[in-house]
file data21.pdb (PDB, C-alpha atoms)
ATOM      1  CA  MET A  16       0.000   0.000   0.000
ATOM      2  CA  GLN A  17       1.320   3.448  -0.920
ATOM      3  CA  PRO A  18       0.470   6.658   0.945
ATOM      4  CA  ALA A  19      -2.334   8.711  -0.547
ATOM      5  CA  ASP A  20       0.206  11.452  -1.227
ATOM      6  CA  HIS A  21       3.682  10.438  -2.346
ATOM      7  CA  VAL A  22       6.578  11.084  -0.023
ATOM      8  CA  GLY A  23       7.464  14.760  -0.291
ATOM      9  CA  ARG A  24       6.706  18.161   1.204
ATOM     10  CA  LEU A  25       3.505  19.511   2.673
ATOM     11  CA  SER A  26       0.483  19.662   0.417
ATOM     12  CA  SER A  27      -1.376  22.972   0.458
ATOM     13  CA  HIS A  28      -4.310  21.308   2.262
ATOM     14  CA  LEU A  29      -2.085  19.894   5.001
ATOM     15  CA  ALA A  30      -0.189  23.173   5.316
ATOM     16  CA  ASP A  31      -3.472  25.018   5.877
ATOM     17  CA  GLN A  32      -4.546  22.403   8.413
ATOM     18  CA  ILE A  33      -1.291  22.684  10.377
ATOM     19  CA  GLU A  34      -1.417  26.473  10.317
ATOM     20  CA  ALA A  35      -4.923  26.384  11.798
ATOM     21  CA  GLN A  36      -4.055  23.827  14.479
ATOM     22  CA  THR A  37      -0.882  25.598  15.625
ATOM     23  CA  ARG A  38      -2.948  28.637  16.540
ATOM     24  CA  ASP A  39      -3.825  26.529  19.580
ATOM     25  CA  LEU A  40      -0.712  26.647  21.791
ATOM     26  CA  ASP A  41      -1.761  23.597  23.801
ATOM     27  CA  TRP A  42      -2.070  21.567  20.586
ATOM     28  CA  THR A  43       1.354  22.801  19.473
ATOM     29  CA  LEU A  44       2.922  21.779  22.789
ATOM     30  CA  ALA A  45       1.244  18.369  22.745
ATOM     31  CA  HIS A  46       2.428  17.664  19.187
ATOM     32  CA  PHE A  47       5.634  19.677  19.141
ATOM     33  CA  THR A  48       7.813  17.004  17.490
ATOM     34  CA  PHE A  49       5.392  16.823  14.587
ATOM     35  CA  VAL A  50       4.982  20.609  14.418
ATOM     36  CA  ALA A  51       8.770  21.035  14.367
ATOM     37  CA  SER A  52       9.087  18.484  11.559
ATOM     38  CA  VAL A  53       6.626  20.280   9.288
ATOM     39  CA  THR A  54       7.678  23.845  10.151
ATOM     40  CA  THR A  55      11.146  24.488  11.593
ATOM     41  CA  LEU A  56      12.718  21.324  10.172
ATOM     42  CA  ALA A  57      10.643  21.050   6.996
ATOM     43  CA  ALA A  58      13.626  21.498   4.681
ATOM     44  CA  ASP A  59      15.178  18.328   6.127
ATOM     45  CA  CYS A  60      11.993  16.252   6.275
ATOM     46  CA  ASP A  61      10.115  13.837   4.068
ATOM     47  CA  ILE A  62       6.374  13.542   4.637
ATOM     48  CA  ALA A  63       3.779  10.907   3.800
ATOM     49  CA  HIS A  64       0.137  11.625   4.505
ATOM     50  CA  SER A  65      -3.483  10.766   3.934
ATOM     51  CA  PRO A  66      -6.656  11.975   5.672
ATOM     52  CA  SER A  67      -6.139   9.601   8.609
ATOM     53  CA  MET A  68      -2.346   9.604   9.101
ATOM     54  CA  THR A  69       0.553  11.976   8.530
ATOM     55  CA  VAL A  70       4.146  10.913   9.168
ATOM     56  CA  ALA A  71       7.258  13.074   8.937
ATOM     57  CA  SER A  72      10.844  11.836   8.928
ATOM     58  CA  SER A  73      13.626  14.274   9.792
ATOM     59  CA  HIS A  74      17.066  13.714   8.310
ATOM     60  CA  ALA A  75      18.728  16.599  10.148
ATOM     61  CA  VAL A  76      20.476  14.119  12.467
ATOM     62  CA  PRO A  77      22.055  10.701  11.755
ATOM     63  CA  ARG A  78      19.237   8.670  13.344
ATOM     64  CA  ALA A  79      15.855   8.728  11.564
ATOM     65  CA  GLN A  80      13.440  10.773  13.690
ATOM     66  CA  LEU A  81       9.772  10.102  13.044
ATOM     67  CA  ALA A  82       6.817  12.203  14.141
ATOM     68  CA  PHE A  83       3.171  11.622  13.343
ATOM     69  CA  ILE A  84      -0.450  12.586  13.884
ATOM     70  CA  GLY A  85      -3.138   9.967  13.488
ATOM     71  CA  GLU A  86      -4.175   6.821  15.329
ATOM     72  CA  ALA A  87      -3.713   4.002  12.808
ATOM     73  CA  ALA A  88      -0.653   1.938  13.772
ATOM     74  CA  ASP A  89      -0.803  -0.082  10.553
ATOM     75  CA  LEU A  90      -0.653   3.092   8.432
ATOM     76  CA  LEU A  91       2.205   4.439  10.546
ATOM     77  CA  ALA A  92       4.189   1.241   9.958
ATOM     78  CA  ASN A  93       3.369   1.267   6.251
ATOM     79  CA  TYR A  94       4.301   4.899   5.712
ATOM     80  CA  ALA A  95       7.572   4.458   7.611
ATOM     81  CA  VAL A  96       8.688   1.964   4.967
ATOM     82  CA  PHE A  97       8.665   4.834   2.449
ATOM     83  CA  LEU A  98      10.477   7.233   4.777
ATOM     84  CA  VAL A  99      13.381   5.365   6.395
ATOM     85  CA  ASN A 100      15.926   2.761   5.412
ATOM     86  CA  ARG A 101      15.002  -0.709   6.594
ATOM     87  CA  ASN A 102      18.117  -1.092   8.749
ATOM     88  CA  SER A 103      17.916   2.394  10.259
ATOM     89  CA  GLU A 104      17.220   2.918  13.932
ATOM     90  CA  ILE A 105      14.060   4.949  14.474
ATOM     91  CA  GLU A 106      13.615   7.555  17.185
ATOM     92  CA  LEU A 107      10.254   8.936  18.318
ATOM     93  CA  LEU A 108       9.324  11.388  21.073
ATOM     94  CA  VAL A 109       5.648  10.805  21.790
ATOM     95  CA  ASP A 110       2.940  11.344  24.381
ATOM     96  CA  GLU A 111       1.063   8.659  26.285
ATOM     97  CA  LYS A 112      -1.488   7.956  23.548
ATOM     98  CA  GLN A 113       1.076   7.908  20.761
ATOM     99  CA  ARG A 114       3.323   5.576  22.732
ATOM    100  CA  ALA A 115       0.822   2.731  22.309
ATOM    101  CA  ILE A 116       0.528   3.435  18.574
ATOM    102  CA  GLY A 117       4.300   3.490  18.134
ATOM    103  CA  ALA A 118       4.663   0.232  20.069
ATOM    104  CA  GLN A 119       2.214  -1.439  17.680
ATOM    105  CA  ALA A 120       3.818   0.004  14.546
ATOM    106  CA  PHE A 121       7.508  -0.688  15.286
ATOM    107  CA  GLN A 122       9.858  -3.050  17.033
ATOM    108  CA  ILE A 123      10.681  -0.909  20.072
ATOM    109  CA  HIS A 124      13.953  -1.631  21.862
ATOM    110  CA  THR A 125      14.059   1.209  24.400
ATOM    111  CA  CYS A 126      11.432   3.529  25.859
ATOM    112  CA  GLU A 127      12.615   6.336  28.150
ATOM    113  CA  PRO A 128       9.951   8.201  30.204
ATOM    114  CA  GLN A 129      10.395  11.971  30.224
ATOM    115  CA  TRP A 130       8.514  15.096  31.213
ATOM    116  CA  GLN A 131       7.626  18.019  29.007
ATOM    117  CA  MET A 132       8.092  20.895  31.432
ATOM    118  CA  VAL A 133       6.464  24.165  30.359
ATOM    119  CA  PHE A 134       7.122  27.585  31.844
ATOM    120  CA  ARG A 135       3.880  28.881  33.359
ATOM    121  CA  GLY A 136       5.364  31.482  35.693
ATOM    122  CA  ASP A 137       5.943  35.230  35.527
ATOM    123  CA  PRO A 138       8.954  36.097  33.338
ATOM    124  CA  ALA A 139       9.400  39.385  35.198
ATOM    125  CA  ALA A 140      10.090  37.456  38.405
ATOM    126  CA  LEU A 141      13.044  35.579  36.927
ATOM    127  CA  ASP A 142      16.622  36.517  37.762
ATOM    128  CA  ILE A 143      19.163  35.936  34.984
ATOM    129  CA  GLY A 144      22.116  36.625  37.300
ATOM    130  CA  PRO A 145      25.431  36.513  35.418
ATOM    131  CA  ALA A 146      23.965  34.970  32.240
ATOM    132  CA  SER A 147      24.704  36.824  29.018
ATOM    133  CA  GLU A 148      23.665  36.213  25.431
ATOM    134  CA  LEU A 149      26.049  34.195  23.295
ATOM    135  CA  THR A 150      26.874  34.947  19.670
ATOM    136  CA  THR A 151      28.462  32.947  16.874
ATOM    137  CA  ASN A 152      31.861  34.020  18.188
ATOM    138  CA  ALA A 153      31.222  31.795  21.221
ATOM    139  CA  LEU A 154      30.668  28.607  19.223
ATOM    140  CA  GLY A 155      34.225  27.380  19.823
ATOM    141  CA  ALA A 156      33.840  27.973  23.564
ATOM    142  CA  MET A 157      30.492  26.129  23.508
ATOM    143  CA  GLN A 158      32.097  23.142  21.834
ATOM    144  CA  ALA A 159      34.968  23.212  24.341
ATOM    145  CA  LEU A 160      32.521  23.230  27.260
ATOM    146  CA  ALA A 161      30.604  20.294  25.776
ATOM    147  CA  LYS A 162      33.832  18.342  25.318
ATOM    148  CA  SER A 163      34.887  19.052  28.905
ATOM    149  CA  VAL A 164      31.678  17.519  30.290
ATOM    150  CA  GLN A 165      31.619  14.709  27.690
ATOM    151  CA  ALA A 166      28.393  15.935  26.088
ATOM    152  CA  GLU A 167      27.451  15.970  22.421
ATOM    153  CA  LEU A 168      26.242  19.168  20.824
ATOM    154  CA  ARG A 169      23.609  17.952  18.382
ATOM    155  CA  PHE A 170      21.908  20.984  16.928
ATOM    156  CA  THR A 171      18.915  20.902  14.587
ATOM    157  CA  ALA A 172      20.652  23.360  12.244
ATOM    158  CA  LYS A 173      24.234  23.996  11.218
ATOM    159  CA  ASP A 174      23.989  27.416  12.833
ATOM    160  CA  PRO A 175      22.585  26.843  16.355
ATOM    161  CA  PHE A 176      21.606  30.498  16.645
ATOM    162  CA  THR A 177      19.013  30.346  13.847
ATOM    163  CA  GLN A 178      16.455  28.820  16.221
ATOM    164  CA  GLY A 179      16.730  31.574  18.803
ATOM    165  CA  PRO A 180      18.973  32.987  21.506
ATOM    166  CA  ALA A 181      21.596  31.121  23.502
ATOM    167  CA  PHE A 182      22.966  32.217  26.863
ATOM    168  CA  GLY A 183      26.075  31.441  28.826
ATOM    169  CA  ILE A 184      28.067  32.261  31.925
ATOM    170  CA  TRP A 185      31.716  33.207  31.670
ATOM    171  CA  ASP A 186      34.439  32.886  34.267
ATOM    172  CA  LYS A 187      37.048  35.299  32.958
ATOM    173  CA  ASN A 188      37.581  34.036  29.380
ATOM    174  CA  GLN A 189      36.174  30.542  29.917
ATOM    175  CA  LEU A 190      32.584  29.562  29.222
ATOM    176  CA  VAL A 191      31.456  27.571  32.268
ATOM    177  CA  ALA A 192      27.726  27.190  31.551
ATOM    178  CA  MET A 193      25.417  27.411  28.553
ATOM    179  CA  GLY A 194      21.916  26.786  27.243
ATOM    180  CA  VAL A 195      20.378  27.205  23.800
ATOM    181  CA  THR A 196      17.108  27.394  21.926
ATOM    182  CA  GLU A 197      16.793  23.979  20.291
ATOM    183  CA  LEU A 198      13.577  24.545  18.358
ATOM    184  CA  ARG A 199      11.446  27.583  17.621
ATOM    185  CA  LEU A 200       7.798  26.776  17.003
ATOM    186  CA  PRO A 201       4.647  28.858  16.518
ATOM    187  CA  GLY A 202       4.150  30.380  19.976
ATOM    188  CA  ALA A 203       6.684  28.165  21.762
ATOM    189  CA  ALA A 204      10.370  27.295  21.958
ATOM    190  CA  GLN A 205      12.188  24.216  23.198
ATOM    191  CA  ILE A 206      15.325  24.932  25.218
ATOM    192  CA  GLY A 207      18.169  22.514  25.828
ATOM    193  CA  HIS A 208      21.911  21.792  25.839
ATOM    194  CA  LEU A 209      22.078  22.982  29.451
ATOM    195  CA  LEU A 210      25.731  22.290  30.227
ATOM    196  CA  VAL A 211      27.732  23.328  33.286
ATOM    197  CA  ALA A 212      31.452  22.909  33.913
ATOM    198  CA  PRO A 213      32.491  21.122  37.140
ATOM    199  CA  SER A 214      34.017  24.388  38.371
ATOM    200  CA  ALA A 215      30.643  26.168  38.406
ATOM    201  CA  SER A 216      27.543  25.736  40.572
ATOM    202  CA  LYS A 217      25.227  23.548  38.527
ATOM    203  CA  SER A 218      21.871  24.557  39.995
ATOM    204  CA  THR A 219      22.675  28.282  40.182
ATOM    205  CA  SER A 220      24.051  28.346  36.633
ATOM    206  CA  ILE A 221      21.129  26.422  35.118
ATOM    207  CA  ALA A 222      18.625  28.628  36.944
ATOM    208  CA  ALA A 223      20.223  31.794  35.548
ATOM    209  CA  ILE A 224      20.449  30.500  31.984
ATOM    210  CA  VAL A 225      16.919  29.078  31.939
ATOM    211  CA  ALA A 226      15.643  32.377  33.332
ATOM    212  CA  ALA A 227      17.437  34.270  30.565
ATOM    213  CA  LEU A 228      16.003  31.991  27.878
ATOM    214  CA  ALA A 229      12.456  32.202  29.272
ATOM    215  CA  LYS A 230      12.583  35.995  29.504
ATOM    216  CA  ALA A 231      14.029  36.389  25.993
ATOM    217  CA  HIS A 232      11.315  34.256  24.419
ATOM    218  CA  ALA A 233       8.560  35.875  26.482
ATOM    219  CA  VAL A 234       9.468  39.206  24.884
ATOM    220  CA  GLU A 235       8.819  37.571  21.498
ATOM    221  CA  GLY A 236       5.526  36.078  22.708
ATOM    222  CA  ARG A 237       6.780  32.503  22.994
ATOM    223  CA  ARG A 238       6.441  30.084  25.898
ATOM    224  CA  VAL A 239       9.466  27.887  26.590
ATOM    225  CA  PHE A 240       9.539  24.204  27.469
ATOM    226  CA  TYR A 241      12.175  21.635  28.330
ATOM    227  CA  ILE A 242      12.299  17.851  28.012
ATOM    228  CA  VAL A 243      13.814  16.096  31.019
ATOM    229  CA  ALA A 244      14.099  12.458  32.100
ATOM    230  CA  GLN A 245      11.469  11.601  34.692
ATOM    231  CA  GLN A 246      14.124   9.938  36.835
ATOM    232  CA  ASP A 247      16.105  13.203  37.029
ATOM    233  CA  GLU A 248      14.070  14.448  39.971
ATOM    234  CA  GLY A 249      16.678  17.038  40.934
ATOM    235  CA  THR A 250      16.374  18.855  37.616
ATOM    236  CA  VAL A 251      12.584  18.500  37.645
ATOM    237  CA  GLN A 252      12.395  20.161  41.059
ATOM    238  CA  LEU A 253      14.804  22.909  40.021
ATOM    239  CA  PHE A 254      12.618  23.756  37.034
ATOM    240  CA  GLU A 255       9.529  23.762  39.223
ATOM    241  CA  THR A 256      11.126  26.399  41.484
ATOM    242  CA  LEU A 257      11.560  28.543  38.350
ATOM    243  CA  GLY A 258       7.868  28.371  37.424
ATOM    244  CA  PHE A 259       7.809  25.318  35.154
ATOM    245  CA  VAL A 260       5.152  22.617  35.460
ATOM    246  CA  ARG A 261       5.096  18.968  34.418
ATOM    247  CA  GLU A 262       2.820  19.552  31.464
ATOM    248  CA  ARG A 263       2.672  15.988  30.180
ATOM    249  CA  PRO A 264       4.603  12.722  30.212
ATOM    250  CA  MET A 265       6.575  12.052  27.053
ATOM    251  CA  TYR A 266       8.383   8.923  25.886
ATOM    252  CA  ARG A 267      11.550   8.766  23.836
ATOM    253  CA  MET A 268      11.344   5.514  21.909
ATOM    254  CA  TYR A 269      14.078   3.782  19.911
ATOM    255  CA  GLY A 270      13.357   0.918  17.574
ATOM    256  CA  THR A 271      13.357  -0.440  14.042
ATOM    257  CA  LEU A 272      10.867  -1.376  11.369
ATOM    258  CA  LYS A 273       9.140  -4.684  12.015
ATOM    259  CA  GLU A 274      10.434  -7.554   9.916
ATOM    260  CA  ASP A 275       7.097  -7.930   8.153
ATOM    261  CA  GLY A 276       6.684  -4.122   7.813
TER     262      GLY A 276
END

call {"tool": "encode", "arguments": {"input": "data21.pdb", "output": "structure tokens"}}
result
Amino acid sequence: MQPADHVGRLSSHLADQIEAQTRDLDWTLAHFTFVASVTTLAADCDIAHSPSMTVASSHAVPRAQLAFIGEAADLLANYAVFLVNRNSEIELLVDEKQRAIGAQAFQIHTCEPQWQMVFRGDPAALDIGPASELTTNALGAMQALAKSVQAELRFTAKDPFTQGPAFGIWDKNQLVAMGVTELRLPGAAQIGHLLVAPSASKSTSIAAIVAALAKAHAVEGRRVFYIVAQQDEGTVQLFETLGFVRERPMYRMYGTLKEDG
């Protein structure tokens, strides 16, 4: 079976549908991986869709990242055959309802429970402390910080600043903490890459950088959110003190196409 529309970009009908749905911020937040795939990351995505199922595959990173809207697991599995190589590992970030659909459609090897934490506080009450905005001149320092804490900087674009502002904390000429805008969506922004050198206070540095990011996006009319492992209770509690809430459980799933897919 072939998708009703061949693998490609958004049809005008689907584009109009997405534009209408993303006017609802709660819908955007609940489906942000799909929204990102068909808006921010559209240039690096292939899309297969019909009236009952739409699947997007992002090729911006080495692993195939799938996002979908629709409830038919058989269609999801079928469309994925057109979008990813058979031997490729598939990654999905889904909500509770989509988790069951993904488990039916694919051979899932790992499922990591996470929280989508959304800022619901007052931006004016946030204290950015020593955090300052980073520019492209700081990219080398950002990479050095990531290397020092054995983290991988995996941006959704070659230029990490195209998605929105990044902030850092400097100790003399050394960058000791950083955070970036990972994705900019209609009305919302995902923040991430919160890295802190061992020489700096982790909680104080993260609080300042997250505050700076939340305030910067609030000026532009966007609400920020962060994805964190549910088992990382320390970070969850830190974000709650800043005005974030556990908006919804999310699940990062890794798997492959089923053998008979």

call {"tool": "atom_distance", "arguments": {"input": "data21.pdb", "atom1": "CA of Asp137 in chain A", "atom2": "CA of Arg267 in chain A"}}
result
29.5 Å

call {"tool": "closest_residue", "arguments": {"input": "data21.pdb", "among": "A:Phe254, A:Phe182, A:Trp130, A:Phe176", "to": "Pro145 in chain A", "atoms": "only C-alpha atoms"}}
result
A:Phe182

call {"tool": "residues_near_point", "arguments": {"input": "data21.pdb", "point": "(-2.1, 8.4, 7.9)", "cutoff": "10 Å", "atoms": "all atoms listed in the file", "output": "VMD selection string"}}
result
chain A and resid 18 to 20 63 to 70 83 to 94

call {"tool": "write_last_selection", "arguments": {"input": "data21.pdb", "atoms": "C-alpha atoms", "output": "compact mmCIF listing (two decimals), keeping the file's coordinate frame"}}
result
# COMPACT_ATOMS: atom_id res chain seq x y z
CA PRO A 18 0.47 6.66 0.94
CA ALA A 19 -2.33 8.71 -0.55
CA ASP A 20 0.21 11.45 -1.23
CA ALA A 63 3.78 10.91 3.80
CA HIS A 64 0.14 11.62 4.50
CA SER A 65 -3.48 10.77 3.93
CA PRO A 66 -6.66 11.98 5.67
CA SER A 67 -6.14 9.60 8.61
CA MET A 68 -2.35 9.60 9.10
CA THR A 69 0.55 11.98 8.53
CA VAL A 70 4.15 10.91 9.17
CA PHE A 83 3.17 11.62 13.34
CA ILE A 84 -0.45 12.59 13.88
CA GLY A 85 -3.14 9.97 13.49
CA GLU A 86 -4.18 6.82 15.33
CA ALA A 87 -3.71 4.00 12.81
CA ALA A 88 -0.65 1.94 13.77
CA ASP A 89 -0.80 -0.08 10.55
CA LEU A 90 -0.65 3.09 8.43
CA LEU A 91 2.20 4.44 10.55
CA ALA A 92 4.19 1.24 9.96
CA ASN A 93 3.37 1.27 6.25
CA TYR A 94 4.30 4.90 5.71

call {"tool": "resolve_selection", "arguments": {"input": "data21.pdb", "expression": "the PyMOL selection byres ((chain A and resi 217-231) around 10)", "output": "mmCIF file with C-alpha atoms, in the frame of the given file"}}
result
data_model
loop_
_atom_site.group_PDB
_atom_site.id
_atom_site.type_symbol
_atom_site.label_atom_id
_atom_site.label_comp_id
_atom_site.auth_asym_id
_atom_site.auth_seq_id
_atom_site.Cartn_x
_atom_site.Cartn_y
_atom_site.Cartn_z
ATOM 1 C CA PHE A 134 7.122 27.585 31.844
ATOM 2 C CA GLY A 136 5.364 31.482 35.693
ATOM 3 C CA ASP A 137 5.943 35.230 35.527
ATOM 4 C CA PRO A 138 8.954 36.097 33.338
ATOM 5 C CA ALA A 139 9.400 39.385 35.198
ATOM 6 C CA ALA A 140 10.090 37.456 38.405
ATOM 7 C CA LEU A 141 13.044 35.579 36.927
ATOM 8 C CA ASP A 142 16.622 36.517 37.762
ATOM 9 C CA ILE A 143 19.163 35.936 34.984
ATOM 10 C CA GLY A 144 22.116 36.625 37.300
ATOM 11 C CA PRO A 145 25.431 36.513 35.418
ATOM 12 C CA ALA A 146 23.965 34.970 32.240
ATOM 13 C CA SER A 147 24.704 36.824 29.018
ATOM 14 C CA GLU A 148 23.665 36.213 25.431
ATOM 15 C CA GLY A 179 16.730 31.574 18.803
ATOM 16 C CA PRO A 180 18.973 32.987 21.506
ATOM 17 C CA ALA A 181 21.596 31.121 23.502
ATOM 18 C CA PHE A 182 22.966 32.217 26.863
ATOM 19 C CA GLY A 183 26.075 31.441 28.826
ATOM 20 C CA ILE A 184 28.067 32.261 31.925
ATOM 21 C CA VAL A 191 31.456 27.571 32.268
ATOM 22 C CA ALA A 192 27.726 27.190 31.551
ATOM 23 C CA MET A 193 25.417 27.411 28.553
ATOM 24 C CA GLY A 194 21.916 26.786 27.243
ATOM 25 C CA VAL A 195 20.378 27.205 23.800
ATOM 26 C CA THR A 196 17.108 27.394 21.926
ATOM 27 C CA ALA A 204 10.370 27.295 21.958
ATOM 28 C CA GLN A 205 12.188 24.216 23.198
ATOM 29 C CA ILE A 206 15.325 24.932 25.218
ATOM 30 C CA GLY A 207 18.169 22.514 25.828
ATOM 31 C CA LEU A 209 22.078 22.982 29.451
ATOM 32 C CA LEU A 210 25.731 22.290 30.227
ATOM 33 C CA VAL A 211 27.732 23.328 33.286
ATOM 34 C CA ALA A 212 31.452 22.909 33.913
ATOM 35 C CA PRO A 213 32.491 21.122 37.140
ATOM 36 C CA SER A 214 34.017 24.388 38.371
ATOM 37 C CA ALA A 215 30.643 26.168 38.406
ATOM 38 C CA SER A 216 27.543 25.736 40.572
ATOM 39 C CA HIS A 232 11.315 34.256 24.419
ATOM 40 C CA ALA A 233 8.560 35.875 26.482
ATOM 41 C CA VAL A 234 9.468 39.206 24.884
ATOM 42 C CA GLU A 235 8.819 37.571 21.498
ATOM 43 C CA GLY A 236 5.526 36.078 22.708
ATOM 44 C CA ARG A 237 6.780 32.503 22.994
ATOM 45 C CA ARG A 238 6.441 30.084 25.898
ATOM 46 C CA VAL A 239 9.466 27.887 26.590
ATOM 47 C CA PHE A 240 9.539 24.204 27.469
ATOM 48 C CA TYR A 241 12.175 21.635 28.330
ATOM 49 C CA GLY A 249 16.678 17.038 40.934
ATOM 50 C CA THR A 250 16.374 18.855 37.616
ATOM 51 C CA LEU A 253 14.804 22.909 40.021
ATOM 52 C CA PHE A 254 12.618 23.756 37.034
ATOM 53 C CA THR A 256 11.126 26.399 41.484
ATOM 54 C CA LEU A 257 11.560 28.543 38.350
ATOM 55 C CA GLY A 258 7.868 28.371 37.424
#

call {"tool": "closest_residue", "arguments": {"input": "data21.pdb", "among": "A:Glu167, A:Asp174, A:Glu127, A:Glu34", "to": "Ala244 in chain A", "atoms": "all atoms listed in the file"}}
result
A:Glu127

call {"tool": "decode", "arguments": {"input": "data21.pdb", "residues": "range 88-109 of chain A", "atoms": "C-alpha atoms", "output": "PDB file, in the first residue's frame"}}
result
ATOM      1  CA  ALA A  88      -0.653   1.938  13.772  1.00  0.00           C
ATOM      2  CA  ASP A  89      -0.803  -0.082  10.553  1.00  0.00           C
ATOM      3  CA  LEU A  90      -0.653   3.092   8.432  1.00  0.00           C
ATOM      4  CA  LEU A  91       2.205   4.439  10.546  1.00  0.00           C
ATOM      5  CA  ALA A  92       4.189   1.241   9.958  1.00  0.00           C
ATOM      6  CA  ASN A  93       3.369   1.267   6.251  1.00  0.00           C
ATOM      7  CA  TYR A  94       4.301   4.899   5.712  1.00  0.00           C
ATOM      8  CA  ALA A  95       7.572   4.458   7.611  1.00  0.00           C
ATOM      9  CA  VAL A  96       8.688   1.964   4.967  1.00  0.00           C
ATOM     10  CA  PHE A  97       8.665   4.834   2.449  1.00  0.00           C
ATOM     11  CA  LEU A  98      10.477   7.233   4.777  1.00  0.00           C
ATOM     12  CA  VAL A  99      13.381   5.365   6.395  1.00  0.00           C
ATOM     13  CA  ASN A 100      15.926   2.761   5.412  1.00  0.00           C
ATOM     14  CA  ARG A 101      15.002  -0.709   6.594  1.00  0.00           C
ATOM     15  CA  ASN A 102      18.117  -1.092   8.749  1.00  0.00           C
ATOM     16  CA  SER A 103      17.916   2.394  10.259  1.00  0.00           C
ATOM     17  CA  GLU A 104      17.220   2.918  13.932  1.00  0.00           C
ATOM     18  CA  ILE A 105      14.060   4.949  14.474  1.00  0.00           C
ATOM     19  CA  GLU A 106      13.615   7.555  17.185  1.00  0.00           C
ATOM     20  CA  LEU A 107      10.254   8.936  18.318  1.00  0.00           C
ATOM     21  CA  LEU A 108       9.324  11.388  21.073  1.00  0.00           C
ATOM     22  CA  VAL A 109       5.648  10.805  21.790  1.00  0.00           C
TER      23      VAL A 109
END
